[in-house]
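Trainee: So that you have it, the file is model.txt, and it contains compact mmCIF, C-alpha atoms:
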# COMPACT_ATOMS: atom_id res chain seq x y z
CA MET A 1 -25.68 15.64 -21.89
CA ILE A 2 -24.42 18.38 -19.63
CA LYS A 3 -22.40 21.02 -21.39
CA ARG A 4 -18.92 21.61 -20.00
CA ARG A 5 -18.43 25.06 -18.49
CA GLY A 6 -15.32 26.89 -19.68
CA THR A 7 -12.33 27.53 -17.43
CA LEU A 8 -11.16 31.04 -16.62
CA PHE A 9 -7.39 31.47 -16.83
CA VAL A 10 -6.11 34.69 -15.23
CA VAL A 11 -2.56 35.79 -15.94
CA SER A 12 -0.90 38.48 -13.82
CA ALA A 13 2.62 39.84 -13.83
CA PRO A 14 4.57 42.92 -12.84
CA SER A 15 5.41 45.25 -15.76
CA GLY A 16 8.29 43.93 -17.78
CA ALA A 17 7.75 40.24 -16.94
CA GLY A 18 6.62 39.54 -20.50
CA LYS A 19 2.94 38.93 -19.86
CA THR A 20 1.58 40.88 -22.82
CA THR A 21 3.78 39.05 -25.34
CA LEU A 22 2.98 35.65 -23.79
CA CYS A 23 -0.77 36.21 -23.81
CA ARG A 24 -0.71 37.47 -27.40
CA GLU A 25 1.31 34.44 -28.55
CA MET A 26 -0.94 32.08 -26.60
CA ARG A 27 -4.00 33.40 -28.42
CA LEU A 28 -2.32 32.66 -31.75
CA ARG A 29 -1.35 29.19 -30.57
CA LEU A 30 -4.69 28.29 -28.98
CA PRO A 31 -7.18 30.19 -31.12
CA GLU A 32 -10.09 28.49 -29.34
CA LEU A 33 -9.32 30.59 -26.23
CA ALA A 34 -11.81 33.38 -25.73
CA TYR A 35 -10.52 36.62 -24.30
CA SER A 36 -11.83 39.91 -23.10
CA VAL A 37 -10.99 43.40 -24.22
CA SER A 38 -10.52 45.47 -21.07
CA VAL A 39 -11.77 49.00 -20.68
CA THR A 40 -9.28 51.58 -19.47
CA THR A 41 -8.97 55.28 -18.86
CA ARG A 42 -5.27 55.35 -19.72
CA PRO A 43 -4.26 56.91 -23.05
CA PRO A 44 -3.34 54.54 -25.91
CA ARG A 45 0.35 53.73 -26.42
CA PRO A 46 1.76 53.95 -29.92
CA GLY A 47 0.37 51.10 -32.02
CA GLU A 48 -2.50 50.22 -29.67
CA MET A 49 -5.93 50.01 -31.28
CA ASP A 50 -9.20 50.92 -29.60
CA GLY A 51 -11.49 47.89 -29.31
CA VAL A 52 -8.60 45.49 -29.96
CA ASP A 53 -5.96 46.13 -27.29
CA PHE A 54 -8.32 48.01 -24.99
CA ARG A 55 -11.53 49.94 -25.06
CA PHE A 56 -10.28 53.43 -24.26
CA VAL A 57 -12.88 55.40 -22.31
CA GLY A 58 -13.08 58.55 -20.19
CA GLU A 59 -13.35 58.43 -16.40
CA GLY A 60 -17.01 59.35 -16.52
CA ALA A 61 -17.88 56.46 -18.82
CA PHE A 62 -15.82 54.06 -16.67
CA HIS A 63 -17.62 55.07 -13.46
CA ALA A 64 -20.97 54.72 -15.19
CA MET A 65 -20.13 51.11 -16.20
CA LEU A 66 -19.04 50.42 -12.62
CA ALA A 67 -22.26 51.88 -11.21
CA ARG A 68 -24.33 49.69 -13.56
CA GLY A 69 -22.46 46.56 -12.33
CA GLU A 70 -21.05 45.90 -15.76
CA LEU A 71 -17.50 45.09 -14.63
CA ALA A 72 -16.37 41.65 -13.36
CA GLU A 73 -13.30 43.28 -11.81
CA TRP A 74 -11.67 46.68 -11.84
CA ALA A 75 -8.50 48.27 -10.51
CA THR A 76 -6.42 51.41 -10.42
CA VAL A 77 -2.93 50.91 -11.82
CA HIS A 78 -0.44 53.77 -11.99
CA GLY A 79 -3.35 56.19 -11.59
CA ASN A 80 -5.38 54.75 -14.47
CA LEU A 81 -8.59 52.72 -14.23
CA TYR A 82 -8.89 49.27 -15.81
CA GLY A 83 -11.87 46.91 -15.88
CA THR A 84 -13.23 43.70 -17.43
CA PRO A 85 -16.74 43.77 -18.89
CA ALA A 86 -18.74 41.03 -17.14
CA ARG A 87 -21.29 40.07 -19.79
CA PRO A 88 -18.96 38.78 -22.54
CA LEU A 89 -16.95 36.85 -19.93
CA GLU A 90 -20.03 35.13 -18.48
CA ASN A 91 -21.33 34.31 -21.95
CA ALA A 92 -18.06 32.71 -23.04
CA LEU A 93 -17.72 30.54 -19.90
CA ALA A 94 -21.37 29.47 -20.08
CA ALA A 95 -20.87 28.47 -23.73
CA GLY A 96 -17.98 26.19 -22.66
CA ALA A 97 -15.14 28.38 -23.91
CA ASP A 98 -11.93 28.67 -21.93
CA VAL A 99 -11.06 32.32 -21.36
CA LEU A 100 -7.61 33.86 -20.98
CA LEU A 101 -7.52 37.17 -19.08
CA ASP A 102 -4.50 39.38 -18.61
CA ILE A 103 -5.25 41.12 -15.30
CA ASP A 104 -3.28 42.89 -12.57
CA THR A 105 -3.02 41.51 -9.02
CA GLN A 106 -5.93 43.59 -7.65
CA GLY A 107 -8.24 42.42 -10.41
CA ALA A 108 -7.05 38.82 -10.09
CA ALA A 109 -8.02 38.80 -6.39
CA GLN A 110 -11.53 40.02 -7.30
CA LEU A 111 -11.86 37.34 -9.99
CA ARG A 112 -10.76 34.63 -7.54
CA THR A 113 -13.57 35.66 -5.21
CA ARG A 114 -16.13 35.78 -8.01
CA TYR A 115 -14.87 32.59 -9.76
CA PRO A 116 -13.26 30.34 -7.11
CA GLU A 117 -12.57 27.69 -9.77
CA ALA A 118 -10.50 30.11 -11.87
CA VAL A 119 -6.87 29.20 -12.57
CA LEU A 120 -4.47 31.97 -11.56
CA VAL A 121 -1.04 32.15 -13.20
CA PHE A 122 1.69 34.56 -12.10
CA ILE A 123 4.57 35.43 -14.41
CA VAL A 124 7.82 36.92 -13.14
CA ALA A 125 11.09 37.99 -14.66
CA PRO A 126 14.03 35.87 -13.44
CA SER A 127 15.34 38.70 -11.25
CA MET A 128 14.75 42.35 -10.36
CA ALA A 129 17.88 43.28 -12.32
CA GLU A 130 16.49 41.61 -15.42
CA LEU A 131 13.12 43.28 -14.87
CA GLU A 132 14.76 46.71 -14.63
CA GLN A 133 16.69 46.12 -17.84
CA ARG A 134 13.53 45.09 -19.69
CA LEU A 135 11.72 48.23 -18.51
CA ARG A 136 14.61 50.39 -19.72
CA GLU A 137 14.65 48.67 -23.11
CA ARG A 138 11.01 49.49 -23.56
CA ARG A 139 12.10 53.18 -23.76
CA SER A 140 8.54 54.48 -23.54
CA ASP A 141 8.95 55.24 -19.84
CA HIS A 142 11.05 57.98 -18.21
CA GLU A 143 13.16 57.41 -15.07
CA GLY A 144 10.46 58.31 -12.55
CA GLU A 145 8.05 55.94 -14.26
CA ILE A 146 10.62 53.13 -14.24
CA ALA A 147 11.28 53.59 -10.53
CA ARG A 148 7.55 53.59 -9.84
CA ARG A 149 7.03 50.39 -11.86
CA LEU A 150 9.93 48.66 -10.10
CA GLN A 151 8.53 49.53 -6.68
CA ARG A 152 5.11 48.26 -7.69
CA ALA A 153 6.70 45.09 -9.10
CA ARG A 154 8.30 44.39 -5.69
CA GLU A 155 4.93 44.75 -4.01
CA GLU A 156 3.22 42.50 -6.55
CA ILE A 157 5.87 39.77 -6.53
CA ALA A 158 5.26 39.35 -2.81
CA LEU A 159 1.73 38.14 -3.71
CA TRP A 160 2.85 35.14 -5.77
CA ARG A 161 1.53 32.58 -3.27
CA ARG A 162 -2.04 33.69 -4.04
CA TYR A 163 -1.64 32.18 -7.47
CA ASP A 164 -2.01 28.54 -8.54
CA TYR A 165 0.98 28.55 -10.87
CA LEU A 166 4.21 30.50 -11.21
CA ILE A 167 6.11 30.91 -14.46
CA VAL A 168 9.63 32.32 -14.26
CA ASN A 169 10.03 33.93 -17.68
CA ARG A 170 13.70 33.32 -18.51
CA ASP A 171 12.96 32.58 -22.13
CA VAL A 172 9.78 33.38 -24.05
CA LYS A 173 9.60 30.01 -25.79
CA GLU A 174 10.01 28.07 -22.54
CA ALA A 175 7.47 30.28 -20.76
CA MET A 176 5.01 29.75 -23.64
CA GLU A 177 5.38 25.98 -23.27
CA GLN A 178 4.70 26.24 -19.56
CA LEU A 179 1.59 28.38 -20.01
CA ALA A 180 0.29 26.05 -22.75
CA SER A 181 0.96 23.06 -20.48
CA ILE A 182 -0.98 24.65 -17.62
CA ILE A 183 -3.99 25.23 -19.87
CA GLN A 184 -3.83 21.70 -21.31
CA ALA A 185 -3.32 20.05 -17.91
CA GLU A 186 -6.24 21.91 -16.34
CA ARG A 187 -8.46 20.59 -19.12
CA CYS A 188 -7.62 17.06 -17.88
CA ARG A 189 -8.35 17.72 -14.19
CA THR A 190 -10.96 15.32 -12.90
CA GLY A 191 -12.46 18.05 -10.73
CA ARG A 192 -13.40 19.99 -13.86
CA LEU A 193 -14.72 16.91 -15.66
CA GLY A 194 -17.09 15.90 -12.88
CA LEU A 195 -20.29 17.03 -14.55
CA SER A 196 -19.35 16.61 -18.15
CA PHE A 197 -18.01 13.21 -18.93
CA PRO A 198 -20.17 11.87 -21.71
CA ASP A 199 -17.89 9.32 -23.38
CA LEU A 200 -16.96 6.95 -20.62
CA GLU A 201 -19.25 3.98 -20.10
CA VAL A 202 -19.17 3.78 -16.33
CA PRO A 203 -21.33 1.12 -14.71
CA ASN A 204 -23.55 2.40 -11.91
CA MET B 1 19.12 27.03 0.06
CA ILE B 2 16.45 24.37 0.50
CA LYS B 3 16.51 21.62 -2.06
CA ARG B 4 13.28 21.02 -3.91
CA ARG B 5 11.70 17.64 -3.23
CA GLY B 6 10.71 15.65 -6.29
CA THR B 7 7.10 15.06 -7.27
CA LEU B 8 5.63 11.57 -7.51
CA PHE B 9 3.51 11.00 -10.63
CA VAL B 10 1.38 7.86 -10.48
CA VAL B 11 -0.24 6.60 -13.69
CA SER B 12 -3.02 3.99 -13.57
CA ALA B 13 -5.18 2.51 -16.28
CA PRO B 14 -7.22 -0.55 -17.06
CA SER B 15 -5.45 -3.08 -19.32
CA GLY B 16 -5.52 -1.95 -22.93
CA ALA B 17 -5.79 1.79 -22.20
CA GLY B 18 -2.26 2.30 -23.50
CA LYS B 19 -0.52 3.05 -20.20
CA THR B 20 2.59 0.98 -20.79
CA THR B 21 3.33 2.59 -24.16
CA LEU B 22 2.68 6.08 -22.80
CA CYS B 23 4.96 5.63 -19.79
CA ARG B 24 7.74 4.16 -21.93
CA GLU B 25 7.52 7.04 -24.42
CA MET B 26 7.40 9.59 -21.60
CA ARG B 27 10.65 8.25 -20.17
CA LEU B 28 12.30 8.74 -23.56
CA ARG B 29 10.89 12.25 -23.84
CA LEU B 30 11.67 13.34 -20.27
CA PRO B 31 14.84 11.38 -19.44
CA GLU B 32 15.20 13.28 -16.15
CA LEU B 33 12.21 11.34 -14.78
CA ALA B 34 13.21 8.68 -12.32
CA TYR B 35 11.21 5.50 -12.31
CA SER B 36 10.93 2.33 -10.34
CA VAL B 37 11.21 -1.24 -11.45
CA SER B 38 8.34 -3.11 -9.82
CA VAL B 39 8.68 -6.58 -8.39
CA THR B 40 6.12 -9.16 -9.49
CA THR B 41 5.34 -12.82 -9.14
CA ARG B 42 3.78 -13.06 -12.61
CA PRO B 43 5.80 -14.85 -15.31
CA PRO B 44 7.61 -12.70 -17.89
CA ARG B 45 5.81 -12.04 -21.19
CA PRO B 46 7.78 -12.53 -24.40
CA GLY B 47 10.39 -9.79 -24.72
CA GLU B 48 10.26 -8.64 -21.09
CA MET B 49 13.59 -8.42 -19.31
CA ASP B 50 14.19 -9.15 -15.64
CA GLY B 51 15.43 -6.04 -13.82
CA VAL B 52 14.28 -3.76 -16.67
CA ASP B 53 10.55 -4.32 -17.16
CA PHE B 54 10.07 -5.97 -13.79
CA ARG B 55 11.99 -7.81 -11.13
CA PHE B 56 10.50 -11.28 -11.46
CA VAL B 57 10.44 -13.05 -8.09
CA GLY B 58 8.76 -16.06 -6.47
CA GLU B 59 5.89 -15.68 -3.99
CA GLY B 60 8.17 -16.49 -1.08
CA ALA B 61 10.63 -13.73 -1.94
CA PHE B 62 7.74 -11.28 -2.44
CA HIS B 63 6.23 -12.03 0.98
CA ALA B 64 9.66 -11.66 2.59
CA MET B 65 10.06 -8.16 1.10
CA LEU B 66 6.58 -7.27 2.32
CA ALA B 67 7.35 -8.55 5.82
CA ARG B 68 10.54 -6.44 5.95
CA GLY B 69 8.52 -3.30 5.00
CA GLU B 70 10.44 -2.91 1.78
CA LEU B 71 7.42 -2.13 -0.42
CA ALA B 72 5.84 1.33 -0.77
CA GLU B 73 2.70 -0.29 -2.19
CA TRP B 74 1.63 -3.72 -3.31
CA ALA B 75 -1.38 -5.32 -4.92
CA THR B 76 -2.82 -8.53 -6.34
CA VAL B 77 -3.78 -8.21 -10.01
CA HIS B 78 -5.26 -11.15 -11.93
CA GLY B 79 -3.89 -13.45 -9.21
CA ASN B 80 -0.32 -12.14 -9.39
CA LEU B 81 1.49 -9.99 -6.82
CA TYR B 82 3.03 -6.63 -7.75
CA GLY B 83 4.95 -4.19 -5.55
CA THR B 84 7.11 -1.04 -5.59
CA PRO B 85 10.40 -1.11 -3.65
CA ALA B 86 10.29 1.80 -1.18
CA ARG B 87 13.97 2.67 -0.81
CA PRO B 88 14.80 3.72 -4.40
CA LEU B 89 11.57 5.73 -4.54
CA GLU B 90 12.33 7.62 -1.33
CA ASN B 91 15.90 8.29 -2.42
CA ALA B 92 14.84 9.71 -5.79
CA LEU B 93 12.21 12.04 -4.29
CA ALA B 94 14.59 13.23 -1.56
CA ALA B 95 17.22 13.97 -4.21
CA GLY B 96 14.71 16.23 -6.00
CA ALA B 97 13.92 13.88 -8.89
CA ASP B 98 10.40 13.63 -10.23
CA VAL B 99 9.32 9.99 -10.37
CA LEU B 100 6.88 8.37 -12.80
CA LEU B 101 5.20 5.19 -11.53
CA ASP B 102 2.94 2.91 -13.50
CA ILE B 103 0.69 1.39 -10.83
CA ASP B 104 -2.74 -0.26 -10.66
CA THR B 105 -5.67 1.33 -8.83
CA GLN B 106 -5.08 -0.56 -5.55
CA GLY B 107 -1.44 0.52 -5.41
CA ALA B 108 -2.31 4.09 -6.40
CA ALA B 109 -4.67 4.34 -3.42
CA GLN B 110 -1.85 3.20 -1.08
CA LEU B 111 0.57 5.71 -2.60
CA ARG B 112 -1.98 8.53 -2.19
CA THR B 113 -2.17 7.72 1.53
CA ARG B 114 1.60 7.54 1.91
CA TYR B 115 2.34 10.55 -0.34
CA PRO B 116 -0.68 12.89 -0.18
CA GLU B 117 1.12 15.36 -2.48
CA ALA B 118 1.48 12.75 -5.25
CA VAL B 119 -0.12 13.51 -8.61
CA LEU B 120 -2.46 10.73 -9.76
CA VAL B 121 -3.23 10.35 -13.46
CA PHE B 122 -5.83 7.94 -14.83
CA ILE B 123 -5.76 6.83 -18.46
CA VAL B 124 -8.77 5.33 -20.18
CA ALA B 125 -9.56 4.07 -23.65
CA PRO B 126 -12.22 6.17 -25.40
CA SER B 127 -14.86 3.42 -24.95
CA MET B 128 -15.29 -0.15 -23.72
CA ALA B 129 -15.67 -1.29 -27.35
CA GLU B 130 -12.29 0.25 -28.20
CA LEU B 131 -10.76 -1.29 -25.07
CA GLU B 132 -12.05 -4.74 -26.03
CA GLN B 133 -10.63 -4.41 -29.54
CA ARG B 134 -7.21 -3.42 -28.17
CA LEU B 135 -7.18 -6.42 -25.84
CA ARG B 136 -8.01 -8.73 -28.75
CA GLU B 137 -5.28 -7.22 -30.92
CA ARG B 138 -2.75 -7.96 -28.20
CA ARG B 139 -3.35 -11.69 -28.96
CA SER B 140 -1.42 -12.84 -25.91
CA ASP B 141 -4.65 -13.38 -23.96
CA HIS B 142 -7.30 -16.08 -24.50
CA GLU B 143 -11.05 -15.40 -24.36
CA GLY B 144 -11.48 -16.05 -20.65
CA GLU B 145 -8.59 -13.73 -19.89
CA ILE B 146 -10.06 -10.99 -22.10
CA ALA B 147 -13.44 -11.26 -20.38
CA ARG B 148 -11.74 -11.08 -16.99
CA ARG B 149 -9.71 -8.00 -17.99
CA LEU B 150 -12.83 -6.27 -19.34
CA GLN B 151 -14.74 -6.88 -16.13
CA ARG B 152 -11.84 -5.57 -14.09
CA ALA B 153 -11.57 -2.53 -16.39
CA ARG B 154 -15.23 -1.67 -15.67
CA GLU B 155 -14.55 -1.82 -11.95
CA GLU B 156 -11.42 0.30 -12.25
CA ILE B 157 -12.95 2.96 -14.50
CA ALA B 158 -15.54 3.62 -11.80
CA LEU B 159 -12.66 4.87 -9.61
CA TRP B 160 -11.61 7.71 -11.92
CA ARG B 161 -12.72 10.45 -9.53
CA ARG B 162 -10.00 9.40 -7.06
CA TYR B 163 -7.45 10.69 -9.55
CA ASP B 164 -6.26 14.26 -10.12
CA TYR B 165 -6.21 14.02 -13.89
CA LEU B 166 -7.95 11.96 -16.54
CA ILE B 167 -6.51 11.30 -19.99
CA VAL B 168 -8.82 9.78 -22.60
CA ASN B 169 -6.39 7.97 -24.87
CA ARG B 170 -7.93 8.43 -28.33
CA ASP B 171 -4.56 8.96 -29.95
CA VAL B 172 -1.13 8.13 -28.51
CA LYS B 173 0.46 11.40 -29.64
CA GLU B 174 -2.32 13.52 -28.13
CA ALA B 175 -2.27 11.50 -24.90
CA MET B 176 1.54 11.93 -24.69
CA GLU B 177 1.12 15.71 -25.00
CA GLN B 178 -1.43 15.68 -22.22
CA LEU B 179 0.73 13.62 -19.88
CA ALA B 180 3.77 15.81 -20.62
CA SER B 181 1.65 18.92 -19.97
CA ILE B 182 0.49 17.57 -16.62
CA ILE B 183 4.08 16.94 -15.54
CA GLN B 184 5.25 20.36 -16.75
CA ALA B 185 2.28 22.20 -15.22
CA GLU B 186 2.74 20.52 -11.83
CA ARG B 187 6.33 21.75 -11.80
CA CYS B 188 4.94 25.32 -11.95
CA ARG B 189 2.42 24.90 -9.11
CA THR B 190 3.02 27.46 -6.39
CA GLY B 191 2.13 24.90 -3.72
CA ARG B 192 5.15 22.82 -4.77
CA LEU B 193 7.47 25.83 -5.00
CA GLY B 194 6.70 27.07 -1.48
CA LEU B 195 9.93 25.93 0.10
CA SER B 196 12.25 26.13 -2.83
CA PHE B 197 12.16 29.44 -4.54
CA PRO B 198 15.72 30.70 -4.50
CA ASP B 199 15.79 33.05 -7.50
CA LEU B 200 13.13 35.57 -6.77
CA GLU B 201 14.16 38.65 -4.81
CA VAL B 202 11.10 39.09 -2.67
CA PRO B 203 11.16 41.95 -0.16
CA ASN B 204 10.16 40.96 3.36
Once more with this new file: its structure as structure tokens, please.

Mentor:
Amino acid sequence: MIKRRGTLFVVSAPSGAGKTTLCREMRLRLPELAYSVSVTTRPPRPGEMDGVDFRFVGEGAFHAMLARGELAEWATVHGNLYGTPARPLENALAAGADVLLDIDTQGAAQLRTRYPEAVLVFIVAPSMAELEQRLRERRSDHEGEIARRLQRAREEIALWRRYDYLIVNRDVKEAMEQLASIIQAERCRTGRLGLSFPDLEVPN
Amino acid sequence: MIKRRGTLFVVSAPSGAGKTTLCREMRLRLPELAYSVSVTTRPPRPGEMDGVDFRFVGEGAFHAMLARGELAEWATVHGNLYGTPARPLENALAAGADVLLDIDTQGAAQLRTRYPEAVLVFIVAPSMAELEQRLRERRSDHEGEIARRLQRAREEIALWRRYDYLIVNRDVKEAMEQLASIIQAERCRTGRLGLSFPDLEVPN
């Protein structure tokens, strides 16, 4: 019997679209999903834990990982470096686990190249006005930072056609249902079942 | 603003896989789904209503509809003719309604040719032994009929790779969730949203 390879689900979204909340809730709802703790050079926000939310490293350590080929993707976002360790990701997929990654648009493009069979999901706020309001409610960012994030959001939204699925996050519960449906539906795709269909007694 | 075209969902399954129950339940759960009443030359089973379950017609009337090009697909199954009226189907899709059709493998192949963007879902029982038991429990068929349905099921199951999705119907509730997920996920596919994305303020 051939073991099923896991599916890589990559979720991207401009700041304020609700991606972090959605991915956190999805991991509670589908605890069988493997995920990856990213490494980053940005400083922790209040409440973030090293090794849980991110692995917080210095620039030197990040560049050393990159030089050793230890990152499946990496990107610069708002001047900070982010990356996904390759080894744990490969191990999870090879073991048949589905993996949910929360990755920016640059990283998602790299993952698409490396894993053409990955499923890319893009999450957007219902409008730019709504996005701006959400960024202001977060309160951790000053005006210049908000303006910078909005500009970057415009640039990222223009890339939505690169993704397989689009979720317009009007309501967290509805968006959760959509993301869960995408994961469940992809598990039924015949293209993914081609090598791993042990139960069906098909005559040859 | 460009109106979104509906998506055609085609569900096929060998007899006894649970397709009829699933499609009926799905219409209760997603009442916005349009569907089509097939025409057939087979006699009604107990409890079936003309114009609701099927339009029951004679062979002459069926061939006349075929000759006038009024059928989107048609097939012979167990010696009876079945067909899908084209006009109501076209109207529903053009009006933006998603349509759920319950069609055998021959008809599904015709619909794939006519509507390449259709979503094809194949439902199977978990094993041939389980399928045989379900056919026996139905009691409406005699031994020869059961043997004929089992042989046809084997031939149909071999076609599963032609479909986009496969649902192994171990449990009706689980299979319902999977079918609902497929419908919801397809509504989020960027390829289907390409011409109908009015809300997002994308800079050009």

Trainee: Please build the interface table for chain B against chain A with a cut-off of 7 Å, listing for each qualifying residue the nearest atom pair and the distance in Å to one decimal; count all atoms listed in the file, order rows by chain and increasing number, and write it as JSON lines.

Mentor:
{"residue": "B:Pro126", "atom": "CA", "partner": "A:Leu200", "partner_atom": "CA", "distance": 6.8}
{"residue": "B:Ser127", "atom": "CA", "partner": "A:Leu200", "partner_atom": "CA", "distance": 6.0}
{"residue": "B:Met128", "atom": "CA", "partner": "A:Glu201", "partner_atom": "CA", "distance": 6.8}
{"residue": "B:Arg154", "atom": "CA", "partner": "A:Val202", "partner_atom": "CA", "distance": 6.8}
{"residue": "B:Ile157", "atom": "CA", "partner": "A:Val202", "partner_atom": "CA", "distance": 6.5}
{"residue": "B:Ala158", "atom": "CA", "partner": "A:Val202", "partner_atom": "CA", "distance": 5.8}
{"residue": "B:Arg161", "atom": "CA", "partner": "A:Thr190", "partner_atom": "CA", "distance": 6.2}
{"residue": "B:Tyr163", "atom": "CA", "partner": "A:Thr190", "partner_atom": "CA", "distance": 6.7}
{"residue": "B:Asp164", "atom": "CA", "partner": "A:Thr190", "partner_atom": "CA", "distance": 5.6}
{"residue": "B:Tyr165", "atom": "CA", "partner": "A:Arg189", "partner_atom": "CA", "distance": 4.3}
{"residue": "B:Leu166", "atom": "CA", "partner": "A:Cys188", "partner_atom": "CA", "distance": 5.3}
{"residue": "B:Ile167", "atom": "CA", "partner": "A:Cys188", "partner_atom": "CA", "distance": 6.2}
{"residue": "B:Gln178", "atom": "CA", "partner": "A:Ala185", "partner_atom": "CA", "distance": 6.4}
{"residue": "B:Ser181", "atom": "CA", "partner": "A:Ser181", "partner_atom": "CA", "distance": 4.2}
{"residue": "B:Ile182", "atom": "CA", "partner": "A:Ala185", "partner_atom": "CA", "distance": 4.7}
{"residue": "B:Gln184", "atom": "CA", "partner": "A:Ser181", "partner_atom": "CA", "distance": 6.3}
{"residue": "B:Ala185", "atom": "CA", "partner": "A:Ile182", "partner_atom": "CA", "distance": 4.7}
{"residue": "B:Cys188", "atom": "CA", "partner": "A:Tyr165", "partner_atom": "CA", "distance": 5.2}
{"residue": "B:Arg189", "atom": "CA", "partner": "A:Tyr165", "partner_atom": "CA", "distance": 4.3}
{"residue": "B:Thr190", "atom": "CA", "partner": "A:Tyr165", "partner_atom": "CA", "distance": 5.0}
{"residue": "B:Asp199", "atom": "CA", "partner": "A:Ser127", "partner_atom": "CA", "distance": 6.8}
{"residue": "B:Leu200", "atom": "CA", "partner": "A:Ser127", "partner_atom": "CA", "distance": 5.9}
{"residue": "B:Glu201", "atom": "CA", "partner": "A:Ser127", "partner_atom": "CA", "distance": 6.5}
{"residue": "B:Val202", "atom": "CA", "partner": "A:Ala158", "partner_atom": "CA", "distance": 5.8}
{"residue": "B:Pro203", "atom": "CA", "partner": "A:Arg154", "partner_atom": "CA", "distance": 6.7}

Trainee: In Å, how far is it from CA of Gly107 (chain B) to CA of Glu130 (chain B)?

Mentor: 25.2 Å

Trainee: If you count only C-alpha atoms, which residues fall within 12 Å of Ala118 (chain A), apart from same-chain ones fewer than 5 positions away, as a list in words?

Mentor: Arg5, Gly6, Thr7, Leu8, Phe9, Val10, Val11, Leu93, Asp98, Val99, Leu100, Leu101, Ala108, Ala109, Gln110, Leu111, Arg112, Thr113, Tyr163, Asp164, Tyr165, Ile183, Glu186 and Arg192 of chain A

Trainee: Return as AutoDock Vina command-line options the centre and edge lengths, in Å with one decimal, of the box along x, y and z that encloses every atom of region 169-173 of chain B in the file, padded by 5 Å per side.

Mentor:
--center_x -3.7 --center_y 9.7 --center_z -27.4 --size_x 18.4 --size_y 13.4 --size_z 15.1

Trainee: Applying 12 Å and all atoms listed in the file, which residues near Asn80 (chain A) remain after dropping the ones on its own chain fewer than 4 positions away? List them as a list of chain:residue names.

Mentor: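 Here the qualifying residues turn out to be A:Val39, A:Thr40, A:Thr41, A:Arg42, A:Pro43, A:Pro44, A:Phe56, A:Val57, A:Gly58, A:Glu59, A:Phe62, A:Trp74, A:Ala75, A:Thr76.
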
Trainee: Just how far from CA of Gly51 (chain A) is CA of Ala67 (chain A), in Å to one decimal?

Mentor: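 Spanning CA of Ala67 (chain A) to CA of Gly51 (chain A) is a straight-line distance of 21.4 Å.
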
Trainee: Could you tell me which of A:His78, A:Arg87, A:Arg27, A:Arg68 comes closest to Glu145 (chain A) if we count all atoms listed in the file?

Mentor: A:His78

Trainee: At a cut-off of 7 Å around the point (-2.8, 40.9, -14.7) (file coordinates), what residues fall inside when counting only C-alpha atoms? I'd like the answer as a ChimeraX atom specification.

Mentor: /A:11-13,102-105,108

Trainee: One decimal, in Å: what's the spacing between CA of Tyr82 (chain B) and CA of Leu22 (chain B)?

Mentor: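 Interatomic distance, CA of Tyr82 (chain B) to CA of Leu22 (chain B): 19.7 Å.
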